[in-house]
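Structure data follow from model06.txt (compact mmCIF, C-alpha atoms):
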```txt
# COMPACT_ATOMS: atom_id res chain seq x y z
CA MET B 137 111.53 140.93 110.83
CA ALA B 138 109.17 138.23 112.10
CA VAL B 139 109.22 134.94 110.19
CA ILE B 140 106.96 131.91 110.61
CA ILE B 141 108.18 128.57 109.27
CA TRP B 142 105.31 126.11 108.89
CA ILE B 143 106.65 122.70 109.88
CA THR B 144 104.95 119.56 108.51
CA GLU B 145 106.18 115.98 108.46
CA GLY B 146 106.87 115.74 104.75
CA THR B 147 108.25 119.18 103.98
CA TRP B 148 109.93 120.61 107.08
CA ARG B 149 113.50 120.15 105.86
CA ALA B 150 112.85 122.17 102.68
CA CYS B 151 111.19 124.96 104.67
CA VAL B 152 114.01 125.17 107.21
CA ASP B 153 116.68 125.08 104.51
CA ALA B 154 114.93 127.85 102.56
CA ALA B 155 114.68 129.97 105.69
CA ARG B 156 118.37 129.43 106.44
CA ALA B 157 119.20 130.63 102.93
CA GLN B 158 116.69 133.50 102.59
CA VAL B 159 115.91 134.90 106.04
CA PRO B 160 118.28 137.45 107.61
CA ALA B 161 120.11 136.26 110.72
CA ARG B 162 118.58 139.06 112.81
CA ALA B 163 115.01 137.89 112.10
CA ASP B 164 112.76 136.57 114.83
CA VAL B 165 111.91 133.05 113.70
CA THR B 166 109.00 130.93 114.89
CA LEU B 167 108.73 127.26 113.99
CA LEU B 168 105.03 126.39 113.80
CA TYR B 169 103.56 122.90 113.86
CA VAL B 170 99.80 122.46 113.70
CA THR B 171 97.91 119.25 114.21
CA GLY B 172 94.31 118.80 113.25
CA ASP B 173 91.82 117.96 115.94
CA ASP B 174 90.11 115.49 113.64
CA VAL B 175 92.14 112.40 114.62
CA ALA B 176 91.69 112.82 118.38
CA GLU B 177 88.02 113.66 117.88
CA ALA B 178 87.53 110.56 115.73
CA ALA B 179 89.16 108.36 118.37
CA HIS B 180 86.96 109.90 121.06
CA GLY B 181 83.84 109.53 118.91
CA ALA B 182 84.60 105.91 118.11
CA PHE B 183 85.15 105.15 121.78
CA ALA B 184 81.97 106.88 122.86
CA GLY B 185 79.91 105.26 120.12
CA LEU B 186 81.24 101.75 120.47
CA LEU B 187 82.02 101.45 124.16
CA GLY B 188 79.72 103.99 125.73
CA ARG B 189 80.55 106.81 128.02
CA GLY B 190 80.89 104.83 131.23
CA HIS B 191 84.70 104.66 131.31
CA PRO B 192 86.22 108.03 130.50
CA GLU B 193 89.62 106.86 131.80
CA ARG B 194 89.86 104.56 128.76
CA ASP B 195 88.97 107.27 126.21
CA PRO B 196 91.73 107.19 123.55
CA GLY B 197 91.09 110.79 122.46
CA ASP B 198 93.30 112.22 125.19
CA GLN B 199 96.01 109.66 124.49
CA VAL B 200 95.99 110.50 120.78
CA ALA B 201 96.25 114.22 121.59
CA ALA B 202 99.17 113.57 123.96
CA LEU B 203 100.99 111.46 121.37
CA SER B 204 100.43 114.17 118.79
CA ALA B 205 101.88 116.84 121.09
CA SER B 206 104.89 114.65 121.83
CA ALA B 207 105.55 113.99 118.13
CA ALA B 208 105.16 117.72 117.39
CA ALA B 209 107.69 118.64 120.08
CA GLU B 210 110.18 116.16 118.65
CA LEU B 211 109.71 117.47 115.11
CA LEU B 212 110.02 121.09 116.26
CA ASP B 213 113.25 120.21 118.09
CA ARG B 214 114.68 118.58 114.95
CA ALA B 215 113.69 121.61 112.88
CA ALA B 216 115.30 124.00 115.39
CA GLU B 217 118.49 121.96 115.33
CA ARG B 218 118.58 122.04 111.53
CA LEU B 219 117.87 125.80 111.50
CA GLY B 220 120.93 126.33 113.67
CA ARG B 221 119.85 129.55 115.35
CA PRO B 222 117.41 130.59 118.06
CA ALA B 223 113.77 130.10 117.20
CA GLU B 224 110.53 130.03 119.11
CA ARG B 225 108.71 126.70 118.89
CA ARG B 226 104.94 126.87 118.67
CA PHE B 227 102.51 123.96 118.66
CA ALA B 228 98.87 124.55 117.82
CA HIS B 229 95.87 122.38 117.08
CA GLY B 230 92.61 122.95 115.32
CA ARG B 231 91.79 123.47 111.64
CA VAL B 232 95.34 123.36 110.28
CA GLU B 233 94.96 125.91 107.50
CA ARG B 234 93.16 128.41 109.74
CA GLU B 235 95.69 128.01 112.55
CA VAL B 236 98.55 128.71 110.14
CA VAL B 237 96.84 131.82 108.73
CA THR B 238 96.08 133.05 112.25
CA ALA B 239 99.69 132.47 113.34
CA ALA B 240 100.93 134.45 110.33
CA GLU B 241 99.04 137.58 111.38
CA GLY B 242 101.62 140.25 112.06
CA ALA B 243 104.45 138.24 110.50
CA ASP B 244 106.65 139.66 107.79
CA LEU B 245 107.08 136.32 106.02
CA LEU B 246 105.57 132.84 106.08
CA VAL B 247 107.69 129.96 104.78
CA CYS B 248 105.84 126.86 103.58
CA ALA B 249 106.26 124.11 101.02
CA ARG B 250 104.31 122.56 98.21
CA ASP B 251 102.68 119.38 99.45
CA GLY B 252 100.61 118.13 96.53
CA ASP B 253 101.65 116.55 93.23
CA ARG B 254 105.41 116.99 93.08
CA HIS B 255 105.77 115.62 89.56
CA ARG B 256 104.38 118.57 87.64
CA LEU B 257 104.16 122.31 87.86
CA GLY B 258 100.86 123.99 88.55
CA PRO B 259 98.10 124.37 91.10
CA ARG B 260 97.89 120.67 91.91
CA SER B 261 101.33 120.94 93.51
CA LEU B 262 99.51 122.45 96.51
CA GLY B 263 97.39 120.39 98.85
CA PRO B 264 94.08 121.85 100.09
CA ALA B 265 95.46 123.25 103.37
CA THR B 266 98.47 124.83 101.68
CA ARG B 267 96.27 126.29 98.93
CA PHE B 268 94.09 127.90 101.62
CA VAL B 269 97.16 129.29 103.41
CA VAL B 270 98.68 130.70 100.21
CA ASP B 271 95.36 132.30 99.26
CA HIS B 272 94.64 133.77 102.70
CA ALA B 273 98.00 134.50 104.33
CA PRO B 274 98.10 138.04 105.75
CA CYS B 275 101.79 138.39 104.85
CA PRO B 276 104.18 137.51 102.02
CA VAL B 277 104.68 133.78 101.49
CA LEU B 278 107.89 132.01 100.51
CA LEU B 279 106.65 128.84 98.81
CA VAL B 280 109.33 126.20 98.28
CA TRP B 281 109.58 122.84 96.54
CA PRO B 282 110.45 119.97 98.88
CA GLY B 283 113.15 118.55 96.64
CA SER B 284 113.82 119.35 93.03
CA ALA B 285 111.20 121.26 91.12
CA PRO B 286 109.90 119.55 87.99
CA GLY B 287 111.36 120.82 84.75
CA ILE B 288 109.64 123.43 82.64
CA ASP B 289 108.77 120.61 80.23
CA ARG B 290 106.19 119.58 82.85
CA LEU B 291 104.10 122.70 82.22
CA PRO B 292 100.54 121.80 81.31
CA PRO B 293 99.59 122.47 77.69
CA PRO B 294 98.06 125.86 76.93
CA PRO B 295 94.28 126.01 76.82
CA PRO B 296 92.69 125.57 73.41
CA ALA B 297 92.08 128.68 71.35
CA PRO B 298 88.57 130.09 71.63
CA PRO B 299 86.28 129.29 68.70
CA PRO B 300 86.04 131.94 66.02
CA PRO B 301 83.16 134.36 66.35
CA PRO B 302 80.07 133.56 64.34
CA PRO B 303 79.73 135.38 61.02
CA PRO B 304 77.72 138.58 61.17
CA PRO B 305 74.04 138.16 60.26
CA GLY B 306 73.01 139.15 56.94
```

Give the structure from this file in structure tokens form.
Amino acid sequence: MAVIIWITEGTWRACVDAARAQVPARADVTLLYVTGDDVAEAAHGAFAGLLGRGHPERDPGDQVAALSASAAAELLDRAAERLGRPAERRFAHGRVEREVVTAAEGADLLVCARDGDRHRLGPRSLGPATRFVVDHAPCPVLLVWPGSAPGIDRLPPPPPAPPPPPPPPG
């Protein structure tokens, strides 16, 4: 069994704990952290636009990418320690949601967490990237709450009843 655990800053503990509880010990586990290229690209674009292209050694885009990789490695190490068993650590960058879906190809399970509105049940409990992953994952998804799930009393009200049909002509 191949399992991918999607590690993000705000939800990694819940994902790791769910995997520890639900995934068989014999499974091959991969901890996946994905960073978007948008921050490094924005830093590079700002540098190029404001300061010109004459000093590439001062371009902050590479520094931002290096800091991101370092932070990802640290987070993956913490997740592996919490998992308490061997796991591959994988760092990727690009469009986060697409990288996660691509990484899940061939997996038997993807573990991820709700990252939207945590105060009520429903579709808004998923952020845009997680919604994309849940909708497009090529394998089963274990979707967990990071913390306590809201009570059933937080269900949205049912939709209004449709209007009655018009009376027949005549």

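The closest residue to Ile141 in chain B, picked from B:Ala163, B:Leu203, B:Ala155, B:Leu211 and counting all atoms listed in the file, is B:Ala155.
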
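Across B:Asp153, B:Ile140, B:Ser206, B:Arg267, the tightest approach to Thr238 in chain B is made by B:Ile140 when counting all atoms listed in the file.
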
| request: For Val139 in chain B, please output as a count of residues only all residues within 8 Å (counting only C-alpha atoms; exclusion window: fewer than 4 positions along the same chain). | output: 10

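Minimum atom-to-atom distances from B:Leu168, B:Ala249, B:Val277, B:Ala207 to Ala228 in chain B were compared using all atoms listed in the file, and the lowest value belongs to B:Leu168.
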
| For the atom pair CA of Glu235 in chain B and CA of Ala202 in chain B, what is the interatomic distance in Å to one decimal place? |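 Rounded to one decimal, the two atoms are 18.7 Å apart.
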
| query | Restricting the calculation to only C-alpha atoms, which member of B:Val269, B:Ala205, B:Pro293, B:Pro300 is positioned closest to Arg234 in chain B? | reply |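 Counting only C-alpha atoms, the residue closest to Arg234 in chain B is B:Val269.
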
| field | Point-to-point distance in Å for CA of Ala209 in chain B and CA of Pro274 in chain B | value |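 Atom-to-atom, CA of Pro274 in chain B and CA of Ala209 in chain B are spaced 26.0 Å apart.
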
| message | As an exercise, work out the distance from CA of Pro298 in chain B to CA of Asp271 in chain B in Å and give it to one decimal place. | response | 28.5 Å

| said: Set the distance at 10 Å and use only C-alpha atoms: which residues neighbour Ala216 in chain B once local chain neighbours fewer than 6 positions away are removed? I'd like the list as a PyMOL selection string. | reply: chain B and resi 152+165-167+210+222-225

| query | For Trp142 in chain B, which residue out of B:Gln158, B:Ser204, B:Thr171, B:Ser284 is the nearest one, using all atoms listed in the file? | reply |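 The shortest atom-to-atom distance to Trp142 in chain B comes from B:Thr171.
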
| Pro286 in chain B surroundings by all atoms listed in the file, 8 Å radius, close-in-sequence under 4 positions cut, as an MDAnalysis selection string | chainID B and resid 254:257 290

| query | Pick the closest to Ala150 in chain B from B:Pro299, B:Pro305, B:Pro282, B:Pro292: which is it, counting only C-alpha atoms? | reply | B:Pro282
